[in-house]
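Pasting query.txt here (compact mmCIF, N, CA, C and O atoms):
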```
# COMPACT_ATOMS: atom_id res chain seq x y z
N SER A 1 151.14 70.73 91.17
CA SER A 1 150.19 70.47 90.09
C SER A 1 148.80 70.88 90.52
O SER A 1 148.52 71.06 91.69
N ALA A 2 147.90 70.98 89.57
CA ALA A 2 146.52 71.38 89.86
C ALA A 2 145.78 70.32 90.64
O ALA A 2 144.71 70.58 91.16
N GLY A 3 146.33 69.11 90.75
CA GLY A 3 145.70 68.06 91.52
C GLY A 3 145.98 68.13 93.01
O GLY A 3 145.41 67.39 93.79
N HIS A 4 146.86 69.01 93.43
CA HIS A 4 147.20 69.17 94.84
C HIS A 4 145.97 69.68 95.59
O HIS A 4 145.24 70.54 95.09
N PRO A 5 145.71 69.18 96.81
CA PRO A 5 144.52 69.61 97.56
C PRO A 5 144.44 71.12 97.77
O PRO A 5 143.36 71.70 97.70
N LEU A 6 145.57 71.78 98.03
CA LEU A 6 145.56 73.22 98.20
C LEU A 6 145.10 73.92 96.92
O LEU A 6 144.29 74.83 96.95
N HIS A 7 145.59 73.46 95.78
CA HIS A 7 145.18 74.03 94.50
C HIS A 7 143.69 73.83 94.27
O HIS A 7 143.00 74.74 93.80
N GLN A 8 143.20 72.65 94.60
CA GLN A 8 141.78 72.38 94.43
C GLN A 8 140.94 73.31 95.31
O GLN A 8 139.92 73.86 94.86
N ASN A 9 141.37 73.50 96.56
CA ASN A 9 140.64 74.39 97.46
C ASN A 9 140.65 75.83 96.95
O ASN A 9 139.63 76.52 96.99
N LEU A 10 141.80 76.28 96.47
CA LEU A 10 141.89 77.64 95.93
C LEU A 10 141.00 77.81 94.70
O LEU A 10 140.37 78.85 94.52
N LYS A 11 140.96 76.78 93.84
CA LYS A 11 140.12 76.86 92.63
C LYS A 11 138.64 76.93 93.00
O LYS A 11 137.86 77.56 92.29
N GLU A 12 138.23 76.28 94.08
CA GLU A 12 136.84 76.36 94.51
C GLU A 12 136.49 77.78 94.96
O GLU A 12 135.40 78.28 94.68
N VAL A 13 137.40 78.43 95.66
CA VAL A 13 137.16 79.78 96.16
C VAL A 13 137.34 80.81 95.06
O VAL A 13 136.60 81.78 94.97
N TYR A 14 138.35 80.59 94.21
CA TYR A 14 138.68 81.54 93.13
C TYR A 14 138.66 80.79 91.80
O TYR A 14 139.68 80.34 91.30
N PRO A 15 137.49 80.64 91.18
CA PRO A 15 137.38 79.85 89.95
C PRO A 15 138.18 80.41 88.77
O PRO A 15 138.47 79.69 87.83
N ASN A 16 138.56 81.69 88.84
CA ASN A 16 139.35 82.28 87.75
C ASN A 16 140.85 82.05 87.92
O ASN A 16 141.64 82.49 87.09
N LEU A 17 141.28 81.35 88.95
CA LEU A 17 142.69 81.08 89.21
C LEU A 17 143.17 79.94 88.32
O LEU A 17 142.49 78.92 88.16
N HIS A 18 144.34 80.11 87.72
CA HIS A 18 144.92 79.09 86.86
C HIS A 18 146.32 78.76 87.33
O HIS A 18 147.07 79.64 87.75
N PHE A 19 146.71 77.49 87.26
CA PHE A 19 148.04 77.05 87.67
C PHE A 19 148.82 76.60 86.44
O PHE A 19 148.26 75.97 85.55
N ARG A 20 150.09 76.93 86.41
CA ARG A 20 150.98 76.49 85.34
C ARG A 20 152.23 75.92 85.97
O ARG A 20 152.83 76.53 86.85
N ALA A 21 152.64 74.77 85.51
CA ALA A 21 153.89 74.17 85.98
C ALA A 21 155.06 74.93 85.36
O ALA A 21 154.98 75.40 84.24
N SER A 22 156.11 75.07 86.12
CA SER A 22 157.27 75.79 85.63
C SER A 22 158.53 75.19 86.22
O SER A 22 158.51 74.65 87.31
N THR A 23 159.60 75.29 85.48
CA THR A 23 160.91 74.91 86.00
C THR A 23 161.82 76.11 85.85
O THR A 23 161.61 76.96 84.99
N CYS A 24 162.79 76.21 86.72
CA CYS A 24 163.72 77.33 86.63
C CYS A 24 164.60 77.13 85.40
O CYS A 24 165.13 76.04 85.18
N PRO A 25 164.76 78.15 84.58
CA PRO A 25 165.61 78.03 83.40
C PRO A 25 167.03 77.67 83.80
O PRO A 25 167.52 78.09 84.83
N ASP A 26 167.71 76.87 82.98
CA ASP A 26 169.05 76.44 83.36
C ASP A 26 170.07 76.66 82.25
O ASP A 26 171.11 76.03 82.24
N SER A 27 169.83 77.56 81.31
CA SER A 27 170.80 77.80 80.25
C SER A 27 171.90 78.70 80.77
O SER A 27 171.74 79.41 81.76
N SER A 28 173.05 78.71 80.11
CA SER A 28 174.20 79.47 80.58
C SER A 28 173.96 80.97 80.52
O SER A 28 174.71 81.73 81.11
N SER A 29 172.93 81.43 79.82
CA SER A 29 172.67 82.86 79.73
C SER A 29 171.89 83.39 80.93
O SER A 29 171.70 84.58 81.05
N ASP A 30 171.44 82.54 81.79
CA ASP A 30 170.62 82.99 82.91
C ASP A 30 171.47 83.57 84.02
O ASP A 30 172.48 83.00 84.43
N ALA A 31 171.04 84.72 84.53
CA ALA A 31 171.79 85.45 85.53
C ALA A 31 171.95 84.68 86.84
O ALA A 31 172.90 84.89 87.57
N LEU A 32 171.05 83.79 87.15
CA LEU A 32 171.09 83.07 88.42
C LEU A 32 171.53 81.62 88.28
O LEU A 32 171.30 80.82 89.17
N GLU A 33 172.16 81.27 87.18
CA GLU A 33 172.51 79.87 86.93
C GLU A 33 173.35 79.27 88.05
O GLU A 33 173.06 78.17 88.52
N ASP A 34 174.40 79.96 88.48
CA ASP A 34 175.28 79.41 89.52
C ASP A 34 174.52 79.23 90.83
O ASP A 34 174.59 78.18 91.47
N TRP A 35 173.75 80.25 91.22
CA TRP A 35 172.96 80.18 92.45
C TRP A 35 171.97 79.02 92.40
O TRP A 35 171.81 78.29 93.36
N TYR A 36 171.31 78.88 91.24
CA TYR A 36 170.35 77.79 91.08
C TYR A 36 171.05 76.44 91.07
O TYR A 36 170.61 75.50 91.72
N GLY A 37 172.16 76.33 90.34
CA GLY A 37 172.90 75.07 90.23
C GLY A 37 173.42 74.58 91.57
O GLY A 37 173.44 73.38 91.84
N ARG A 38 173.84 75.50 92.43
CA ARG A 38 174.33 75.13 93.77
C ARG A 38 173.18 74.90 94.75
O ARG A 38 173.42 74.47 95.88
N ARG A 39 171.95 75.21 94.31
CA ARG A 39 170.77 75.11 95.17
C ARG A 39 170.97 75.93 96.45
O ARG A 39 170.60 75.54 97.55
N ALA A 40 171.58 77.12 96.28
CA ALA A 40 171.95 77.97 97.40
C ALA A 40 170.76 78.45 98.21
O ALA A 40 170.90 78.74 99.40
N TRP A 41 169.60 78.57 97.60
CA TRP A 41 168.42 79.04 98.34
C TRP A 41 168.07 78.09 99.48
O TRP A 41 167.45 78.50 100.45
N GLN A 42 168.46 76.84 99.39
CA GLN A 42 168.13 75.86 100.43
C GLN A 42 168.86 76.15 101.74
O GLN A 42 168.47 75.64 102.78
N ASP A 43 169.90 76.99 101.70
CA ASP A 43 170.62 77.36 102.92
C ASP A 43 169.94 78.49 103.67
O ASP A 43 170.38 78.88 104.75
N SER A 44 168.88 79.04 103.12
CA SER A 44 168.17 80.17 103.72
C SER A 44 167.23 79.69 104.83
O SER A 44 166.79 78.55 104.84
N TYR A 45 166.90 80.62 105.73
CA TYR A 45 165.85 80.33 106.71
C TYR A 45 164.48 80.26 106.05
O TYR A 45 163.56 79.67 106.57
N TRP A 46 164.34 80.92 104.90
CA TRP A 46 163.08 80.96 104.16
C TRP A 46 163.34 80.54 102.71
O TRP A 46 163.21 81.35 101.78
N PRO A 47 163.67 79.27 102.48
CA PRO A 47 164.08 78.84 101.13
C PRO A 47 163.02 79.05 100.05
O PRO A 47 163.35 79.50 98.96
N GLN A 48 161.78 78.76 100.32
CA GLN A 48 160.75 78.91 99.29
C GLN A 48 160.55 80.38 98.94
O GLN A 48 160.45 80.75 97.76
N SER A 49 160.54 81.23 99.94
CA SER A 49 160.38 82.65 99.70
C SER A 49 161.54 83.21 98.89
O SER A 49 161.34 83.96 97.93
N HIS A 50 162.76 82.84 99.23
CA HIS A 50 163.92 83.35 98.51
C HIS A 50 164.02 82.78 97.11
O HIS A 50 164.44 83.48 96.18
N PHE A 51 163.62 81.54 96.92
CA PHE A 51 163.60 80.97 95.57
C PHE A 51 162.59 81.74 94.72
O PHE A 51 162.87 82.11 93.58
N ASN A 52 161.40 82.00 95.28
CA ASN A 52 160.37 82.74 94.54
C ASN A 52 160.83 84.15 94.21
O ASN A 52 160.58 84.65 93.11
N ASP A 53 161.51 84.82 95.15
CA ASP A 53 162.04 86.15 94.88
C ASP A 53 163.02 86.11 93.71
O ASP A 53 162.95 86.95 92.81
N ALA A 54 163.93 85.15 93.72
CA ALA A 54 164.94 85.06 92.65
C ALA A 54 164.28 84.76 91.30
O ALA A 54 164.65 85.35 90.28
N LEU A 55 163.32 83.87 91.29
CA LEU A 55 162.62 83.55 90.05
C LEU A 55 161.87 84.78 89.53
O LEU A 55 161.90 85.08 88.34
N ARG A 56 161.24 85.52 90.43
CA ARG A 56 160.54 86.75 90.05
C ARG A 56 161.50 87.76 89.44
O ARG A 56 161.23 88.35 88.40
N TRP A 57 162.67 87.95 90.06
CA TRP A 57 163.66 88.89 89.52
C TRP A 57 164.20 88.43 88.18
O TRP A 57 164.44 89.22 87.28
N LEU A 58 164.40 87.12 88.03
CA LEU A 58 164.87 86.59 86.75
C LEU A 58 163.84 86.85 85.65
O LEU A 58 164.19 87.28 84.55
N LEU A 59 162.57 86.61 85.94
CA LEU A 59 161.52 86.86 84.95
C LEU A 59 161.42 88.34 84.60
O LEU A 59 161.26 88.69 83.43
N LEU A 60 161.55 89.21 85.60
CA LEU A 60 161.54 90.66 85.32
C LEU A 60 162.74 91.04 84.47
O LEU A 60 162.64 91.85 83.55
N TRP A 61 163.90 90.48 84.77
CA TRP A 61 165.11 90.79 84.01
C TRP A 61 164.95 90.34 82.55
O TRP A 61 165.30 91.07 81.64
N LYS A 62 164.42 89.15 82.36
CA LYS A 62 164.28 88.62 80.99
C LYS A 62 163.19 89.33 80.19
O LYS A 62 163.38 89.66 79.03
N TYR A 63 162.02 89.53 80.80
CA TYR A 63 160.86 89.99 80.06
C TYR A 63 160.46 91.43 80.37
O TYR A 63 159.61 91.99 79.68
N GLY A 64 161.02 92.01 81.39
CA GLY A 64 160.66 93.36 81.79
C GLY A 64 159.31 93.39 82.48
O GLY A 64 158.55 92.43 82.44
N GLY A 65 159.04 94.49 83.14
CA GLY A 65 157.74 94.65 83.79
C GLY A 65 157.88 95.19 85.19
O GLY A 65 158.95 95.64 85.61
N VAL A 66 156.78 95.12 85.92
CA VAL A 66 156.71 95.62 87.29
C VAL A 66 156.11 94.53 88.15
O VAL A 66 155.16 93.86 87.75
N TYR A 67 156.67 94.34 89.35
CA TYR A 67 156.09 93.43 90.33
C TYR A 67 155.76 94.23 91.58
O TYR A 67 156.58 95.00 92.08
N LEU A 68 154.56 94.04 92.10
CA LEU A 68 154.13 94.66 93.36
C LEU A 68 153.49 93.59 94.23
O LEU A 68 152.67 92.81 93.76
N ASP A 69 153.86 93.56 95.52
CA ASP A 69 153.12 92.73 96.46
C ASP A 69 151.69 93.23 96.54
O ASP A 69 151.40 94.39 96.23
N LEU A 70 150.79 92.38 96.98
CA LEU A 70 149.38 92.77 97.05
C LEU A 70 149.11 93.85 98.08
O LEU A 70 148.09 94.54 98.01
N ASP A 71 150.01 94.03 99.04
CA ASP A 71 149.78 95.06 100.07
C ASP A 71 150.42 96.40 99.73
O ASP A 71 150.43 97.32 100.54
N VAL A 72 150.94 96.57 98.51
CA VAL A 72 151.52 97.83 98.09
C VAL A 72 150.40 98.76 97.64
O VAL A 72 149.54 98.38 96.84
N VAL A 73 150.41 99.97 98.15
CA VAL A 73 149.43 100.98 97.76
C VAL A 73 150.13 101.95 96.82
O VAL A 73 151.12 102.58 97.18
N VAL A 74 149.62 102.08 95.61
CA VAL A 74 150.22 102.95 94.59
C VAL A 74 149.52 104.30 94.64
O VAL A 74 148.31 104.39 94.45
N LEU A 75 150.29 105.35 94.88
CA LEU A 75 149.74 106.70 94.97
C LEU A 75 150.04 107.55 93.75
O LEU A 75 149.37 108.55 93.52
N ARG A 76 151.06 107.17 92.98
CA ARG A 76 151.45 107.91 91.79
C ARG A 76 151.74 106.92 90.67
O ARG A 76 152.03 105.75 90.93
N PRO A 77 151.73 107.39 89.43
CA PRO A 77 152.06 106.49 88.31
C PRO A 77 153.47 105.90 88.48
O PRO A 77 154.38 106.56 88.98
N LEU A 78 153.64 104.67 88.04
CA LEU A 78 154.92 103.97 88.17
C LEU A 78 155.79 104.12 86.93
O LEU A 78 156.87 103.54 86.87
N THR A 79 155.34 104.86 85.95
CA THR A 79 156.03 104.92 84.66
C THR A 79 157.46 105.44 84.76
O THR A 79 158.31 105.05 83.97
N ARG A 80 157.75 106.32 85.72
CA ARG A 80 159.10 106.86 85.85
C ARG A 80 160.00 105.97 86.70
O ARG A 80 161.21 106.20 86.76
N LEU A 81 159.46 104.99 87.36
CA LEU A 81 160.24 104.13 88.24
C LEU A 81 160.58 102.83 87.51
O LEU A 81 159.87 101.84 87.62
N THR A 82 161.65 102.84 86.74
CA THR A 82 162.04 101.65 86.01
C THR A 82 163.39 101.15 86.49
O THR A 82 164.21 101.92 87.00
N ASN A 83 163.61 99.87 86.32
CA ASN A 83 164.88 99.24 86.68
C ASN A 83 165.24 99.54 88.13
O ASN A 83 166.28 100.12 88.43
N MET A 84 164.38 99.11 89.04
CA MET A 84 164.61 99.39 90.45
C MET A 84 164.04 98.31 91.35
O MET A 84 163.27 97.46 90.91
N ALA A 85 164.47 98.35 92.59
CA ALA A 85 163.91 97.51 93.64
C ALA A 85 163.76 98.37 94.88
O ALA A 85 164.52 99.32 95.08
N ALA A 86 162.81 98.04 95.71
CA ALA A 86 162.59 98.78 96.94
C ALA A 86 163.65 98.39 97.96
O ALA A 86 164.18 97.28 97.93
N ARG A 87 163.95 99.30 98.85
CA ARG A 87 164.93 99.03 99.90
C ARG A 87 164.19 98.81 101.21
O ARG A 87 163.38 99.63 101.63
N GLU A 88 164.48 97.70 101.84
CA GLU A 88 163.86 97.38 103.12
C GLU A 88 164.57 98.09 104.27
O GLU A 88 163.96 98.50 105.25
N SER A 89 165.87 98.17 104.16
CA SER A 89 166.70 98.85 105.16
C SER A 89 168.02 99.22 104.49
O SER A 89 168.18 99.01 103.28
N HIS A 90 168.96 99.72 105.25
CA HIS A 90 170.27 100.04 104.68
C HIS A 90 171.02 98.77 104.28
O HIS A 90 171.96 98.82 103.49
N LYS A 91 170.58 97.64 104.79
CA LYS A 91 171.28 96.38 104.55
C LYS A 91 170.56 95.46 103.55
O LYS A 91 171.21 94.68 102.88
N PHE A 92 169.25 95.56 103.45
CA PHE A 92 168.49 94.58 102.68
C PHE A 92 167.64 95.21 101.57
O PHE A 92 167.08 96.28 101.75
N VAL A 93 167.55 94.48 100.46
CA VAL A 93 166.65 94.84 99.37
C VAL A 93 165.31 94.16 99.65
O VAL A 93 165.27 93.00 100.03
N ALA A 94 164.23 94.88 99.48
CA ALA A 94 162.90 94.31 99.69
C ALA A 94 162.40 93.70 98.38
O ALA A 94 162.73 94.17 97.30
N ALA A 95 161.61 92.67 98.50
CA ALA A 95 161.07 92.00 97.31
C ALA A 95 159.67 92.47 96.96
O ALA A 95 159.10 92.02 95.99
N GLY A 96 159.10 93.38 97.73
CA GLY A 96 157.71 93.79 97.54
C GLY A 96 157.45 94.68 96.35
O GLY A 96 156.33 94.78 95.88
N TYR A 97 158.49 95.35 95.85
CA TYR A 97 158.35 96.16 94.64
C TYR A 97 159.63 96.07 93.85
O TYR A 97 160.72 96.26 94.38
N SER A 98 159.52 95.74 92.58
CA SER A 98 160.68 95.76 91.70
C SER A 98 160.19 95.95 90.27
O SER A 98 159.06 95.61 89.92
N SER A 99 161.07 96.52 89.44
CA SER A 99 160.74 96.72 88.04
C SER A 99 162.02 96.63 87.22
O SER A 99 163.11 96.84 87.74
N SER A 100 161.85 96.31 85.96
CA SER A 100 163.02 96.15 85.09
C SER A 100 162.59 96.32 83.63
O SER A 100 161.51 95.88 83.26
N PRO A 101 163.46 96.93 82.83
CA PRO A 101 163.20 96.91 81.39
C PRO A 101 163.51 95.53 80.85
O PRO A 101 164.18 94.73 81.51
N ARG A 102 163.03 95.22 79.68
CA ARG A 102 163.27 93.92 79.05
C ARG A 102 164.75 93.78 78.71
O ARG A 102 165.32 94.62 78.04
N ALA A 103 165.40 92.71 79.16
CA ALA A 103 166.82 92.49 78.93
C ALA A 103 167.09 91.73 77.63
O ALA A 103 168.12 91.89 77.01
N ILE A 104 166.15 90.89 77.24
CA ILE A 104 166.34 90.05 76.06
C ILE A 104 165.43 90.56 74.95
O ILE A 104 164.23 90.65 75.12
N PRO A 105 166.00 90.93 73.80
CA PRO A 105 165.16 91.43 72.70
C PRO A 105 164.12 90.41 72.27
O PRO A 105 164.35 89.21 72.30
N SER A 106 162.97 90.92 71.85
CA SER A 106 161.90 90.00 71.39
C SER A 106 162.14 89.56 69.98
O SER A 106 162.92 90.09 69.25
```
Show how you would write the structure in this file as structure tokens.
Amino acid sequence: SAGHPLHQNLKEVYPNLHFRASTCPDSSSDALEDWYGRRAWQDSYWPQSHFNDALRWLLLWKYGGVYLDLDVVVLRPLTRLTNMAARESHKFVAAGYSSSPRAIPS
């Protein structure tokens, strides 16, 4: 909540920052329902990071758009790069760049 000391400190430094409470969607149409219901992210070495990654991908899947980490340097337009995720290695998908068309009609 915005009453948390960390939020208060961030608001002092960045007065344009806004916080919104959110819960993970739990309807049967959600792509991550089983993973969320089992609370599988808690088995990770980095549970908060992996939960945030999954929520970010769910939001991109539902609403479409592009996500970039703050340390990503864009050298060319991203318009041709749709429905993709960056690869960290041959084994892992990176969460620093991903994009998706809107999955649910408006």
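Note that the spacing between atom CA of A:Tyr36 and atom CA of A:Leu10 amounts to 28.9 Å.
Across A:Pro77, A:Val72, A:Glu88, A:Trp61, the tightest approach to A:Pro101 is made by A:Trp61 when counting all atoms listed in the file.
Between A:Trp57 and the residues A:Pro5, A:Asn83, A:Leu17, A:Ser89, the shortest atom-to-atom distance, using only C-alpha atoms, involves A:Asn83.
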Self-check item: Shell around A:Val66 at 8 Å using only C-alpha atoms, local window under 6 positions removed, as a ChimeraX atom specification
Solution: /A:60,97-100
Quiz item: chain A: which residues are strand (DSSP E) by DSSP, as JSON, numbers by chain?
Solution: {"A": [65, 66, 67, 68, 84, 85, 86, 87, 93, 94, 95, 96, 97, 98, 99, 100]}
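The space between atom CA of A:Arg56 and atom CA of A:Leu68 spans 10.7 Å.
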Quiz prompt | atom CA of A:Lys62 to atom CA of A:Ala40, straight-line distance in Å | solution = 21.0 Å
